[in-house]
Structure formats: C-alpha cells, structure tokens
Number of protein chains: 2
Amino acid sequence: MAVNLPQVRSADLAPVKGVSLGVAQASIRKPNRKDLLVITLAEGARIAGVFTRNRFCAAPVILARKWLNSPLGVRALLVNTGCANAGTGAKGLDHARLSCEALARHLGCAPQQVLPFSTGVIMEPLPLERILAGLPGCLSNLKEDNWLAAAEAIMTTDTQPKAASKRLYMDGAAVTITGIAKGAGMIHPNMATMLAFIVTDAELSQPLLEAAVREACRRSFNRISVDGDTSTNDAFMVIATGRAAAPAITEPVSPEYVVFQQGLTEVAQQLAQAVVRDGEGATKFITVEVRAGSSESECEQVGFAIARSPLVKTAFFASDPNLGRLLAAIGNSGIDDLDVTRIRLYLQGALVAENGGRAAAYSEEQGQAAMRGAEIAVTVELNRGEAAVTLWTCDLSYDYVKINAEYRT
Amino acid sequence: MAVNLPQVRSADLAPVKGVSLGVAQASIRKPNRKDLLVITLAEGARIAGVFTRNRFCAAPVILARKWLNSPLGVRALLVNTGCANAGTGAKGLDHARLSCEALARHLGCAPQQVLPFSTGVIMEPLPLERILAGLPGCLSNLKEDNWLAAAEAIMTTDTQPKAASKRLYMDGAAVTITGIAKGAGMIHPNMATMLAFIVTDAELSQPLLEAAVREACRRSFNRISVDGDTSTNDAFMVIATGRAAAPAITEPVSPEYVVFQQGLTEVAQQLAQAVVRDGEGATKFITVEVRAGSSESECEQVGFAIARSPLVKTAFFASDPNLGRLLAAIGNSGIDDLDVTRIRLYLQGALVAENGGRAAAYSEEQGQAAMRGAEIAVTVELNRGEAAVTLWTCDLSYDYVKINAEYRT
C-alpha cells in the first residue's frame, strides 16, 4: 500500500550503546500483536523533545512534558499503541502516572525518570491492568538490536514499520543515529507524526541537543501533512547516550555540530517521509517546494494550503492534471498581498502557469504524463523574496475514507 | 443524493418585479444542458455583493468587483457554468470584458453595467464565441418567473437546483425576496458558496443594502464548509429593485430594516444550508453550535476546526461515534489559552464529554444511536464567555473522493 517505501530490515538498524528496547503483547486493543514497548536508557543519557500543540493533548504528553527535564535524568520510555489516553481527564493522568510508577519499580528508579507515550483511539480509558501485566514481558525482551520489533510495536494504521539508521564520522570516530516513527493519519504539523524516537550515541550538551531537535523537527515532522489533522499525542524525542568514542559536541558553530545536526535531520526526514509514503490510503508521494518567498513561514503557508486541499489531493489521486486547483489553493493560503501575476507553477520541473494563467508551452498531455507517476514534484515560485521550503504530502483516496470510517471496527 | 433537500418547485419561487431571467444552451463544457444565464434589472435597481478572498480570484470577479459601483447602475448579470475563467491571466480578463460588452450591445447599455460571473473548471480559457452565440437565446427567454430554470443553469456538481423565496410584510405591503445559489464543492468561507444571487423588490438606501448583505453573508455563506477549500469565483450578490409598495428603508435601527435584514438572512441561510445538504458526496447534515465563547471569531475557529477535520467527517460518514476526534479537532483550533477541562461537548443534546474526558453518563450505545440519523447536532460549550456561533457542514464520503477525482472526465 505505501508509496515506494522499502521494507525496513533489522540488519540496517544499527544498535546504539546504552539503549535497549523490549516489546510485549498486552492486548490493549487487539489480540495477537505486540503493542507495548519499553526503551531503557543508560545513566547519563540526555533527552530532548517536541510535543503536540493540540490543546486537548493526551495525559501522557502532559506527564512527559513535565518530567522531561527531571534533574534525576530519564531512564526509560514506556510506549503503548491501541489507546491514546487522550480526552480522558483526571483519570487519564492517574493511569499514565501509575503505569510509569509500575515501570519505575521494576527498574529501581523514580517515576519521574519514566516518560509515557500513547497512541490509538481517543477518549477511551487506558487499560492500566493490561499494561502493568505486559511490563515483565517487555523487560525480559530488552535488547540493543530490537529496533525493528520496536517500530512494529508502535504501529496503528501504519501498513509498514518505519525506522532509519545512519552512521556519521567525527574525528575518525563513528557516531550512530537510529530511530523509529509511526503515522499514519492525523498527520499535520505541529507536530506531524504521532510518535518518533531517535537515539544517538553522540555526546552533546543539553542546549545543543535541544537546538538540534528543534531544527531537525522543523525540517522534517513539521513539514509533512497527510490529512491536516494534528494529533493529541504527537511527540518527537531524541536521546543522546554519549557512549560513542567521538568527542563531546559543545559548540554550536563547530563542524561537529553541523555534521550531527545534518545527520539527525536526515534521519528525521527519512522517518517523516516514510510516514507520508505510508499515509492512510496514499497512492502518490508529493513533494511541494515553495521558493522565492519573502519568508519561510509564508512559503510554509502556501505549501500547506496545497498539501491540505482536498480538491488538490483528490486530483492527484485521479492522476488528473486539474492544475487550476493548485492555483486556487495558492490563492487561498491567506497571504493578503500575494501578486498572482508573479507566480510560476511547475509540475515535474515543467512550467505550467505564469502571469496569472496557463503557460503557453504547457499542454494537457504533458500534465497527464507527469501525473501518472507515483512520485510527483510541485514547485511554486512566488518571486517576491529568497526563502524556500520543501514539504511532503500524499493524495486523498477512497482508502483514506475507508480506513478512517472503519478505524474502530 | 442530497441530505433532506426537498425538490424546489417553480411555483414556490415568487417573481420580483423589475427582474427577468433568461437561460440558454451554449455548450460551454457539456452538450445538452442550459449553461448560460442572463439576469436583467430594471433601471434604478441597487446592488451590493461580497466576493471571494482567494488571491487567485477569477477574471469575472475582478471585473464585477470593479464595476459593481458603476455610477450608471447595473442593468444585467451574465452567468455561465462549465468554465470558471480563473487562472486565465490577461486573456481571461479580456474574455470577461468582451462577453459583457456583447451583452451590453444587445441591451443598449454600457459594458460596465453588466457584471460577469463564472463557475466551473479553473485554468481553462472561456469559450467566448460560444457564450456570445448563446446570448440571443437567453434574451429571448427572459421571464420574471424563470427562477427555477436559472437555478438549474448555474449548477456544476450540484445534484439539485437551489432556490428559496420569502414574502415579508411591511406596513401591510408585501415585500418579496427570491434567490438562487450553486455549490457544491470548494466550499469554505470566506466565501462559502460559489455563486448566489438574491433579489428583492424592497427599496433600501445603498449603505443599508450593503450592511444587510454583509450581515446576511456573515451568518449564512460564511458559516458553511463542505471541504475547507475556498473557491476562486465565489460571489454573493443582492439586488433591490425598489418596486414594492412598501416604503423605502432608510434607517438602520428601524423595525423595517430589522424585518428585512432577518428575511434576507433567512433566505441566505436556506440557500447556504442547501449547498451543504447537497455538498459533494454528503450523506449527513451536521449543525455545529459553539457557545459560551469569549468572541464570535473564537467560536468560528472552533466550529470550523470541527467542520474541516477529515477525521471527524469520515467518522460521521461511518456513523461511528468516535467522538475523541471532536475533542482533537477542538484542541487543534489554534486557541492557545483554551482550558479543555471547562469544555462540554454534546451530541444531539446529550452530554458526551466534560472535565477533559468522557462524561460519566455517556454510553457508546447513546453515541451510536445519535450518529445513525442524517441530521446531527454537535454542541460545544467553551464556558469562557457569552458569544455563540452556529455553522453547518457535511460528512466526507467515498463519493466526495469519486466526484472530485472524476470531475473533469
């Protein structure tokens, strides 16, 4: 189902020293699947993260955000699928806290050293007993090379597990970055993926780790849209164990920081794009580049106006070059002083529209040929500045409706 | 297909003295259908209107907006379906102007006294010759009681013509308000309908007519959403011929103005709701009331966050009370200081959620029963003020995707 998303192989996911992952079957929503994940972190690991801006954020988000900066340091993440524990009020907060307390007792640490994450149906109570019962299974399954099983354990409507891994070299010493993510609907910044966890053995100061996470998020999970809906549970966490042989990264303008930052962004982009490729019902992967804008935020506005337009997305699904809908979406992006006569629109690199109308050289046949592929590039030139943004989206198909109409059945 | 939308009968649409309508078959996009409409206005008629805020607005919108306040007075409207004449650059403006000039020659008036309106596919050239050839047919068909034919002539993906008529009494004298509208996709404020024309024989001063149109629009066409997409061609025009026996309305605080304003709003709401009932692929008509907000704009923000969420809309299509998606949409509406613990959510009048979670008395069976109907009422109480807003939307079905994937075929 996913668009050009190769199956992840366990061998491609490099373990990161100091981080172990264990999964178990807790029957949270459906039987016969691993749905509970524990990630343990060696002492001294640093963590930084970005959470959903949805005001109805889930209980685990409230707790994780609060405990993220615990002076004791974070020692474990507890992740479940099947139930979002969102829209569950005070009882939901109790459930999240009690699950962390239980894992903390097993690990011999304080509850604040365990961060909870949930994904699944909203407004249903977390089945606490089943989660507690699943914890020993996770703990006995803890392994450093368990990334693929972890990626599988956090899936909801995802058709494929999502994971990525990258090796960098700094002063000749290897640094590993490995991560997992899950989609596949309710995907729109900020944030864009429901859950993503990336781990590295690099050593960074806390401020630099936080800066690196923000920048990576800005250029990955905050640049994708499946359906324009922002989840209650989104979280993107990055953990640095500091166990690599490479020297610590402490200077923001150093080559080491730049190399790490780029590597982290690449892994985050790979995961974010995997979320779109496996977007609910997706049959096309669409790259929208908006350039020559007066600011990045204005470029994002235009890009997301395209990415969330149901009319644009259904035209892509139909492989129909009904490109006037792209112009309508651009005009609809809320930029009051937009001069539409300066805009150029390209499809697969070929000029489609300029001077407020169709380009003379563009033909319907050309548009049809471009729309036939599974990978489509849309480029919008605003011609009013030098900012540029690239974002990724997918089409809107019968299957999107089907998946979401039948989600709870 | 449309949700509880009774067939309009010609006998229910009262003619308005001083206004005639004529339709013809110009084969603009499809053969064998009336697709061209001329509305002529007797001398002295006043006109006011609201246009799309889409920056890629169509050539006819640019021209109509410019000529609306022509000191000569407007004598005719020229409306075509099948081609939007949007995204057509300088040539599109020429086409719109030339079509007005042609009709003006027939009528013996100035081109600026003819306002053009188009709806249909974007970024395709207006077939000017066919429109010019269709004009004599429209003119020979001009009749005061031609409202139903006019409503049919402006349809695109509408499955039913949309028209409404109302009679008011002022000082014992009858005043008529009759109008037509077309949807049925690319429907989101501002504006919400692609085209709506309402005519009355009341006499109003120009400032009062403009105020009445703005207020009616605010509470009707600007309170509906089918798919969150704002068209390039939206226009809502109101014409007052002043031929009724009732005295002229010149005072904004007068009972006459209030009666007229309410009557106009009712007709506009009836047309706007008809657009939603006949929204592309609609199987449910959903009324969203947001109340106890601190401002109307905040209530609108919450209401439209619900109305444009694909996840909410697919759940309605499935008759699935997955009401957590409503909470997620509310949380996602962009109100930063929203205290979710104060919010109450009702479905068909029954309390569903409070204190940030599910209400104790709510049961899944209750939700299922409420979702089964074709008319669904969602009420959100923000409990932070006294403002309230009601808006209307529909569900997102397979047929929405089908209609929009196959629109041009």
# chains A, B, ... in the order shown; residues from 1 in each chain; ligands from 1
>>> interface_residues(of="chain B", to="chain A", cutoff="7 Å", atoms="only C-alpha atoms", output="PyMOL selection string")
chain B and resi 54-56+87-89+122-123+227+229-232+309-311+314-315+317-318+324-325+327-328+331-332+338+340+355-358+397-398+401+404-406
>>> residues_around(residues="B:Gln7", least_positions_apart="4", cutoff="10 Å", atoms="only C-alpha atoms", output="MDAnalysis selection string")
chainID B and resid 2 160:163
>>> closest_residue(among="B:Asn32, B:Thr393, B:Ser20, B:Asn383", to="B:Ala76", atoms="only C-alpha atoms")
B:Ser20
>>> residues_around(residues="B:Ala181", least_positions_apart="4", cutoff="9 Å", atoms="only C-alpha atoms", output="PyMOL selection string")
chain B and resi 151+154-155+161-164+193-198+236+268+271-272+274-275
>>> residues_around(residues="A:Thr178", least_positions_apart="3", cutoff="8 Å", atoms="only C-alpha atoms", output="list of chain:residue names")
A:Leu13, A:Ala14, A:Pro15, A:Val16, A:Ala163, A:Ala164, A:Ser165, A:Lys166, A:Ile198, A:Val199, A:Thr200, A:Val267
>>> write_last_selection(atoms="C-alpha atoms", output="mmCIF file, in the first residue's frame")
data_model
loop_
_atom_site.group_PDB
_atom_site.id
_atom_site.type_symbol
_atom_site.label_atom_id
_atom_site.label_comp_id
_atom_site.auth_asym_id
_atom_site.auth_seq_id
_atom_site.Cartn_x
_atom_site.Cartn_y
_atom_site.Cartn_z
ATOM 1 C CA LEU A 13 19.216 -0.591 12.033
ATOM 2 C CA ALA A 14 22.421 -0.105 13.996
ATOM 3 C CA PRO A 15 22.100 -0.545 17.760
ATOM 4 C CA VAL A 16 23.100 2.405 19.941
ATOM 5 C CA ALA A 163 12.785 3.016 11.046
ATOM 6 C CA ALA A 164 16.009 4.614 9.854
ATOM 7 C CA SER A 165 19.643 4.469 10.817
ATOM 8 C CA LYS A 166 22.721 6.442 9.877
ATOM 9 C CA ILE A 198 15.608 8.806 17.658
ATOM 10 C CA VAL A 199 18.636 7.719 19.625
ATOM 11 C CA THR A 200 22.309 8.514 19.139
ATOM 12 C CA VAL A 267 17.152 10.513 9.793
#
>>> select_by_dssp(residues="stretch 12-50 of chain A", states="strand (DSSP E)", output="CSV table (one decimal) with C-alpha atoms, in the first residue's frame")
chain,number,residue,atom,x,y,z
A,19,VAL,CA,19.8,1.9,24.8
A,20,SER,CA,17.7,-1.3,24.9
A,21,LEU,CA,14.3,-2.0,23.6
A,22,GLY,CA,11.7,-4.6,24.7
A,23,VAL,CA,8.3,-5.3,23.4
A,24,ALA,CA,5.4,-7.4,24.6
A,36,LEU,CA,3.8,-2.4,24.4
A,37,LEU,CA,7.3,-1.0,24.2
A,38,VAL,CA,9.8,-0.2,26.8
A,39,ILE,CA,13.0,1.7,25.9
A,40,THR,CA,15.6,1.8,28.7
A,41,LEU,CA,18.4,4.4,28.7
A,46,ARG,CA,20.4,13.3,27.6
A,47,ILE,CA,16.9,13.7,26.2
A,48,ALA,CA,15.1,16.5,24.4
A,49,GLY,CA,11.8,16.5,22.6
A,50,VAL,CA,9.0,18.4,20.9
>>> residues_around(residues="B:Leu264", least_positions_apart="4", cutoff="7 Å", atoms="only C-alpha atoms", output="ChimeraX atom specification")
/B:177,216,260,268
>>> write_last_selection(atoms="N, CA and C atoms", output="PDB file, in the first residue's frame")
ATOM      1  N   ILE B 177     -38.518  38.338  -1.399  1.00  0.00           N
ATOM      2  CA  ILE B 177     -37.085  38.063  -1.503  1.00  0.00           C
ATOM      3  C   ILE B 177     -36.956  36.689  -2.152  1.00  0.00           C
ATOM      4  N   ALA B 216     -26.053  39.307   6.353  1.00  0.00           N
ATOM      5  CA  ALA B 216     -26.654  38.043   5.904  1.00  0.00           C
ATOM      6  C   ALA B 216     -25.563  37.052   5.515  1.00  0.00           C
ATOM      7  N   PHE B 260     -36.457  43.275   7.311  1.00  0.00           N
ATOM      8  CA  PHE B 260     -35.839  42.940   6.030  1.00  0.00           C
ATOM      9  C   PHE B 260     -34.548  42.157   6.231  1.00  0.00           C
ATOM     10  N   ALA B 268     -30.838  33.591   2.741  1.00  0.00           N
ATOM     11  CA  ALA B 268     -29.424  33.264   2.522  1.00  0.00           C
ATOM     12  C   ALA B 268     -29.045  31.983   3.273  1.00  0.00           C
TER      13      ALA B 268
END
>>> residues_around(residues="A:Val352", least_positions_apart="5", cutoff="10 Å", atoms="only C-alpha atoms", output="number ranges by chain")
A: 323-324, 344-347, 357-364, 366-367, 379
>>> select_by_dssp(residues="stretch 92-195 of chain A", states="alpha helix (DSSP H)", output="number ranges by chain")
A: 92-107, 128-140, 147-153
>>> write_last_selection(atoms="N, CA, C and O atoms", output="tab-separated table (two decimals), in the first residue's frame")
chain	number	residue	atom	x	y	z
A	92	GLY	N	-7.22	9.83	33.30
A	92	GLY	CA	-6.18	9.53	32.32
A	92	GLY	C	-4.80	9.87	32.85
A	92	GLY	O	-3.84	9.11	32.66
A	93	LEU	N	-4.71	11.01	33.54
A	93	LEU	CA	-3.43	11.39	34.14
A	93	LEU	C	-3.01	10.37	35.20
A	93	LEU	O	-1.83	9.99	35.28
A	94	ASP	N	-3.98	9.92	36.00
A	94	ASP	CA	-3.69	8.88	37.01
A	94	ASP	C	-3.14	7.63	36.33
A	94	ASP	O	-2.15	7.06	36.77
A	95	HIS	N	-3.82	7.22	35.27
A	95	HIS	CA	-3.40	6.00	34.57
A	95	HIS	C	-1.97	6.13	34.04
A	95	HIS	O	-1.16	5.20	34.17
A	96	ALA	N	-1.68	7.28	33.43
A	96	ALA	CA	-0.33	7.48	32.88
A	96	ALA	C	0.70	7.43	34.01
A	96	ALA	O	1.74	6.78	33.90
A	97	ARG	N	0.40	8.10	35.12
A	97	ARG	CA	1.35	8.15	36.24
A	97	ARG	C	1.54	6.76	36.85
A	97	ARG	O	2.65	6.34	37.12
A	98	LEU	N	0.42	6.05	37.01
A	98	LEU	CA	0.52	4.72	37.63
A	98	LEU	C	1.32	3.75	36.75
A	98	LEU	O	2.06	2.90	37.26
A	99	SER	N	1.20	3.89	35.42
A	99	SER	CA	1.97	3.00	34.55
A	99	SER	C	3.46	3.32	34.66
A	99	SER	O	4.31	2.42	34.68
A	100	CYS	N	3.79	4.61	34.78
A	100	CYS	CA	5.20	4.99	34.95
A	100	CYS	C	5.73	4.50	36.30
A	100	CYS	O	6.88	4.02	36.41
A	101	GLU	N	4.92	4.63	37.32
A	101	GLU	CA	5.34	4.17	38.66
A	101	GLU	C	5.64	2.68	38.64
A	101	GLU	O	6.62	2.23	39.23
A	102	ALA	N	4.79	1.93	37.95
A	102	ALA	CA	5.00	0.48	37.91
A	102	ALA	C	6.31	0.13	37.21
A	102	ALA	O	7.10	-0.69	37.69
A	103	LEU	N	6.57	0.79	36.08
A	103	LEU	CA	7.82	0.50	35.37
A	103	LEU	C	9.02	0.96	36.22
A	103	LEU	O	10.05	0.28	36.27
A	104	ALA	N	8.86	2.10	36.90
A	104	ALA	CA	9.95	2.60	37.75
A	104	ALA	C	10.29	1.60	38.86
A	104	ALA	O	11.46	1.38	39.19
A	105	ARG	N	9.26	0.97	39.42
A	105	ARG	CA	9.51	-0.03	40.47
A	105	ARG	C	10.32	-1.20	39.90
A	105	ARG	O	11.28	-1.65	40.51
A	106	HIS	N	9.95	-1.66	38.72
A	106	HIS	CA	10.70	-2.74	38.07
A	106	HIS	C	12.16	-2.33	37.87
A	106	HIS	O	13.07	-3.14	38.03
A	107	LEU	N	12.37	-1.06	37.48
A	107	LEU	CA	13.73	-0.62	37.10
A	107	LEU	C	14.51	-0.08	38.28
A	107	LEU	O	15.71	0.19	38.16
A	128	LEU	N	-5.18	0.01	32.18
A	128	LEU	CA	-3.97	0.03	33.02
A	128	LEU	C	-3.51	-1.36	33.41
A	128	LEU	O	-2.32	-1.69	33.34
A	129	GLU	N	-4.47	-2.21	33.82
A	129	GLU	CA	-4.09	-3.54	34.32
A	129	GLU	C	-3.34	-4.33	33.25
A	129	GLU	O	-2.35	-5.01	33.53
A	130	ARG	N	-3.83	-4.22	32.00
A	130	ARG	CA	-3.19	-4.98	30.94
A	130	ARG	C	-1.79	-4.44	30.63
A	130	ARG	O	-0.88	-5.19	30.30
A	131	ILE	N	-1.65	-3.13	30.79
A	131	ILE	CA	-0.32	-2.55	30.56
A	131	ILE	C	0.64	-3.01	31.66
A	131	ILE	O	1.77	-3.44	31.39
A	132	LEU	N	0.18	-2.96	32.90
A	132	LEU	CA	1.05	-3.41	34.01
A	132	LEU	C	1.42	-4.87	33.81
A	132	LEU	O	2.57	-5.27	34.02
A	133	ALA	N	0.43	-5.67	33.37
A	133	ALA	CA	0.70	-7.09	33.18
A	133	ALA	C	1.69	-7.33	32.05
A	133	ALA	O	2.40	-8.34	32.02
A	134	GLY	N	1.77	-6.37	31.11
A	134	GLY	CA	2.68	-6.53	29.98
A	134	GLY	C	4.12	-6.14	30.27
A	134	GLY	O	5.03	-6.50	29.51
A	135	LEU	N	4.33	-5.38	31.34
A	135	LEU	CA	5.67	-4.85	31.60
A	135	LEU	C	6.75	-5.93	31.75
A	135	LEU	O	7.84	-5.80	31.15
A	136	PRO	N	6.51	-7.00	32.52
A	136	PRO	CA	7.58	-8.01	32.66
A	136	PRO	C	8.01	-8.59	31.31
A	136	PRO	O	9.20	-8.83	31.08
A	137	GLY	N	7.04	-8.77	30.41
A	137	GLY	CA	7.37	-9.28	29.07
A	137	GLY	C	8.30	-8.33	28.34
A	137	GLY	O	9.26	-8.77	27.68
A	138	CYS	N	8.04	-7.02	28.43
A	138	CYS	CA	8.92	-6.05	27.79
A	138	CYS	C	10.32	-6.12	28.38
A	138	CYS	O	11.32	-6.10	27.66
A	139	LEU	N	10.38	-6.22	29.70
A	139	LEU	CA	11.69	-6.18	30.37
A	139	LEU	C	12.52	-7.41	30.04
A	139	LEU	O	13.74	-7.33	29.86
A	140	SER	N	11.86	-8.57	29.94
A	140	SER	CA	12.62	-9.78	29.63
A	140	SER	C	13.02	-9.81	28.15
A	140	SER	O	13.86	-10.60	27.75
A	147	TRP	N	15.34	-2.87	17.33
A	147	TRP	CA	14.70	-1.68	16.75
A	147	TRP	C	13.50	-2.01	15.87
A	147	TRP	O	12.49	-1.32	15.90
A	148	LEU	N	13.63	-3.06	15.05
A	148	LEU	CA	12.53	-3.38	14.14
A	148	LEU	C	11.28	-3.80	14.93
A	148	LEU	O	10.16	-3.36	14.63
A	149	ALA	N	11.50	-4.63	15.95
A	149	ALA	CA	10.36	-5.05	16.78
A	149	ALA	C	9.71	-3.83	17.45
A	149	ALA	O	8.49	-3.74	17.60
A	150	ALA	N	10.56	-2.87	17.85
A	150	ALA	CA	10.03	-1.65	18.49
A	150	ALA	C	9.20	-0.85	17.50
A	150	ALA	O	8.11	-0.35	17.83
A	151	ALA	N	9.71	-0.73	16.27
A	151	ALA	CA	8.96	0.02	15.24
A	151	ALA	C	7.61	-0.63	14.98
A	151	ALA	O	6.60	0.04	14.77
A	152	GLU	N	7.59	-1.97	15.00
A	152	GLU	CA	6.34	-2.69	14.77
A	152	GLU	C	5.36	-2.50	15.94
A	152	GLU	O	4.15	-2.43	15.75
A	153	ALA	N	5.91	-2.42	17.14
A	153	ALA	CA	5.06	-2.38	18.33
A	153	ALA	C	4.31	-1.05	18.49
A	153	ALA	O	3.36	-0.97	19.26
>>> atom_distance(atom1="atom CA of B:Thr241", atom2="atom CA of B:Leu204")
8.8 Å
>>> atom_distance(atom1="atom CA of B:Phe51", atom2="atom CA of B:Glu215")
13.9 Å
>>> closest_residue(among="B:Ala387, B:Gly18, B:Asp171, B:Leu63", to="B:Ser294", atoms="only C-alpha atoms")
B:Ala387
>>> residues_around(residues="B:Glu375", least_positions_apart="3", cutoff="12 Å", atoms="only C-alpha atoms", output="PyMOL selection string")
chain B and resi 2-5+276-277+282-288+316-317+319+347-348+369-372+378+392-395
>>> write_last_selection(atoms="C-alpha atoms", output="tab-separated table (two decimals), in the first residue's frame")
chain	number	residue	atom	x	y	z
B	2	ALA	CA	-28.60	15.42	-1.16
B	3	VAL	CA	-29.44	15.18	2.57
B	4	ASN	CA	-33.08	16.04	3.20
B	5	LEU	CA	-33.22	18.68	0.50
B	276	VAL	CA	-24.23	21.86	2.40
B	277	ARG	CA	-27.12	19.37	2.12
B	282	ALA	CA	-22.76	14.34	1.54
B	283	THR	CA	-24.75	11.73	3.46
B	284	LYS	CA	-25.12	13.72	6.73
B	285	PHE	CA	-26.07	17.30	7.51
B	286	ILE	CA	-24.20	18.44	10.58
B	287	THR	CA	-25.07	21.51	12.63
B	288	VAL	CA	-22.18	22.68	14.80
B	316	PHE	CA	-19.70	10.96	10.66
B	317	PHE	CA	-19.83	9.23	7.28
B	319	SER	CA	-21.96	6.76	11.70
B	347	LEU	CA	-24.19	15.20	20.66
B	348	GLN	CA	-27.87	15.59	19.81
B	369	ALA	CA	-27.98	5.96	18.17
B	370	ALA	CA	-27.22	9.66	17.71
B	371	MET	CA	-24.90	9.04	14.77
B	372	ARG	CA	-27.40	6.92	12.88
B	378	VAL	CA	-22.86	18.89	17.72
B	392	TRP	CA	-23.19	23.83	9.01
B	393	THR	CA	-21.14	21.12	7.36
B	394	CYS	CA	-21.44	17.63	5.92
B	395	ASP	CA	-19.53	14.37	6.14
>>> atom_distance(atom1="atom CA of A:Arg219", atom2="atom CA of A:Gly303")
13.3 Å
>>> decode(residues="stretch 223-241 of chain A", atoms="N, CA, C and O atoms", output="PDB file, in the first residue's frame")
ATOM      1  N   ARG A 223       7.095  19.458   8.441  1.00  0.00           N
ATOM      2  CA  ARG A 223       6.951  19.786   7.019  1.00  0.00           C
ATOM      3  C   ARG A 223       6.193  18.692   6.282  1.00  0.00           C
ATOM      4  O   ARG A 223       6.406  18.472   5.091  1.00  0.00           O
ATOM      5  N   ILE A 224       5.351  17.958   6.986  1.00  0.00           N
ATOM      6  CA  ILE A 224       4.559  16.926   6.310  1.00  0.00           C
ATOM      7  C   ILE A 224       3.094  17.080   6.683  1.00  0.00           C
ATOM      8  O   ILE A 224       2.755  17.613   7.740  1.00  0.00           O
ATOM      9  N   SER A 225       2.232  16.627   5.795  1.00  0.00           N
ATOM     10  CA  SER A 225       0.802  16.621   6.078  1.00  0.00           C
ATOM     11  C   SER A 225       0.178  15.442   5.351  1.00  0.00           C
ATOM     12  O   SER A 225       0.420  15.241   4.169  1.00  0.00           O
ATOM     13  N   VAL A 226      -0.586  14.651   6.069  1.00  0.00           N
ATOM     14  CA  VAL A 226      -1.382  13.624   5.408  1.00  0.00           C
ATOM     15  C   VAL A 226      -2.808  14.138   5.252  1.00  0.00           C
ATOM     16  O   VAL A 226      -3.356  14.187   4.168  1.00  0.00           O
ATOM     17  N   ASP A 227      -3.383  14.596   6.349  1.00  0.00           N
ATOM     18  CA  ASP A 227      -4.790  14.985   6.307  1.00  0.00           C
ATOM     19  C   ASP A 227      -5.088  16.307   7.005  1.00  0.00           C
ATOM     20  O   ASP A 227      -6.247  16.662   7.178  1.00  0.00           O
ATOM     21  N   GLY A 228      -4.068  17.028   7.409  1.00  0.00           N
ATOM     22  CA  GLY A 228      -4.309  18.327   8.016  1.00  0.00           C
ATOM     23  C   GLY A 228      -4.752  18.281   9.457  1.00  0.00           C
ATOM     24  O   GLY A 228      -5.005  19.310  10.063  1.00  0.00           O
ATOM     25  N   ASP A 229      -4.867  17.083  10.021  1.00  0.00           N
ATOM     26  CA  ASP A 229      -5.294  16.974  11.415  1.00  0.00           C
ATOM     27  C   ASP A 229      -4.086  16.770  12.333  1.00  0.00           C
ATOM     28  O   ASP A 229      -3.275  15.887  12.095  1.00  0.00           O
ATOM     29  N   THR A 230      -3.976  17.590  13.366  1.00  0.00           N
ATOM     30  CA  THR A 230      -2.875  17.459  14.322  1.00  0.00           C
ATOM     31  C   THR A 230      -3.324  16.622  15.497  1.00  0.00           C
ATOM     32  O   THR A 230      -4.333  16.913  16.121  1.00  0.00           O
ATOM     33  N   SER A 231      -2.557  15.604  15.806  1.00  0.00           N
ATOM     34  CA  SER A 231      -2.963  14.662  16.839  1.00  0.00           C
ATOM     35  C   SER A 231      -2.820  15.237  18.238  1.00  0.00           C
ATOM     36  O   SER A 231      -2.098  16.202  18.483  1.00  0.00           O
ATOM     37  N   THR A 232      -3.492  14.598  19.155  1.00  0.00           N
ATOM     38  CA  THR A 232      -3.410  14.939  20.577  1.00  0.00           C
ATOM     39  C   THR A 232      -2.159  14.381  21.232  1.00  0.00           C
ATOM     40  O   THR A 232      -1.851  14.723  22.375  1.00  0.00           O
ATOM     41  N   ASN A 233      -1.458  13.478  20.549  1.00  0.00           N
ATOM     42  CA  ASN A 233      -0.418  12.689  21.201  1.00  0.00           C
ATOM     43  C   ASN A 233       0.974  12.822  20.603  1.00  0.00           C
ATOM     44  O   ASN A 233       1.896  12.149  21.028  1.00  0.00           O
ATOM     45  N   ASP A 234       1.123  13.691  19.601  1.00  0.00           N
ATOM     46  CA  ASP A 234       2.403  13.779  18.897  1.00  0.00           C
ATOM     47  C   ASP A 234       3.577  14.022  19.838  1.00  0.00           C
ATOM     48  O   ASP A 234       3.511  14.897  20.706  1.00  0.00           O
ATOM     49  N   ALA A 235       4.637  13.290  19.606  1.00  0.00           N
ATOM     50  CA  ALA A 235       5.859  13.524  20.344  1.00  0.00           C
ATOM     51  C   ALA A 235       7.037  13.070  19.499  1.00  0.00           C
ATOM     52  O   ALA A 235       6.979  12.034  18.839  1.00  0.00           O
ATOM     53  N   PHE A 236       8.079  13.869  19.502  1.00  0.00           N
ATOM     54  CA  PHE A 236       9.322  13.544  18.809  1.00  0.00           C
ATOM     55  C   PHE A 236      10.433  13.684  19.840  1.00  0.00           C
ATOM     56  O   PHE A 236      10.680  14.785  20.337  1.00  0.00           O
ATOM     57  N   MET A 237      11.041  12.570  20.207  1.00  0.00           N
ATOM     58  CA  MET A 237      12.042  12.573  21.266  1.00  0.00           C
ATOM     59  C   MET A 237      13.392  12.157  20.696  1.00  0.00           C
ATOM     60  O   MET A 237      13.466  11.221  19.901  1.00  0.00           O
ATOM     61  N   VAL A 238      14.439  12.834  21.128  1.00  0.00           N
ATOM     62  CA  VAL A 238      15.794  12.456  20.725  1.00  0.00           C
ATOM     63  C   VAL A 238      16.621  12.236  21.987  1.00  0.00           C
ATOM     64  O   VAL A 238      16.605  13.057  22.907  1.00  0.00           O
ATOM     65  N   ILE A 239      17.317  11.121  21.993  1.00  0.00           N
ATOM     66  CA  ILE A 239      18.115  10.737  23.149  1.00  0.00           C
ATOM     67  C   ILE A 239      19.571  10.615  22.730  1.00  0.00           C
ATOM     68  O   ILE A 239      19.872  10.018  21.689  1.00  0.00           O
ATOM     69  N   ALA A 240      20.455  11.201  23.512  1.00  0.00           N
ATOM     70  CA  ALA A 240      21.899  11.105  23.239  1.00  0.00           C
ATOM     71  C   ALA A 240      22.560  10.422  24.420  1.00  0.00           C
ATOM     72  O   ALA A 240      22.541  10.954  25.532  1.00  0.00           O
ATOM     73  N   THR A 241      23.126   9.241  24.158  1.00  0.00           N
ATOM     74  CA  THR A 241      23.691   8.478  25.281  1.00  0.00           C
ATOM     75  C   THR A 241      25.120   8.889  25.608  1.00  0.00           C
ATOM     76  O   THR A 241      25.622   8.594  26.690  1.00  0.00           O
TER      77      THR A 241
END
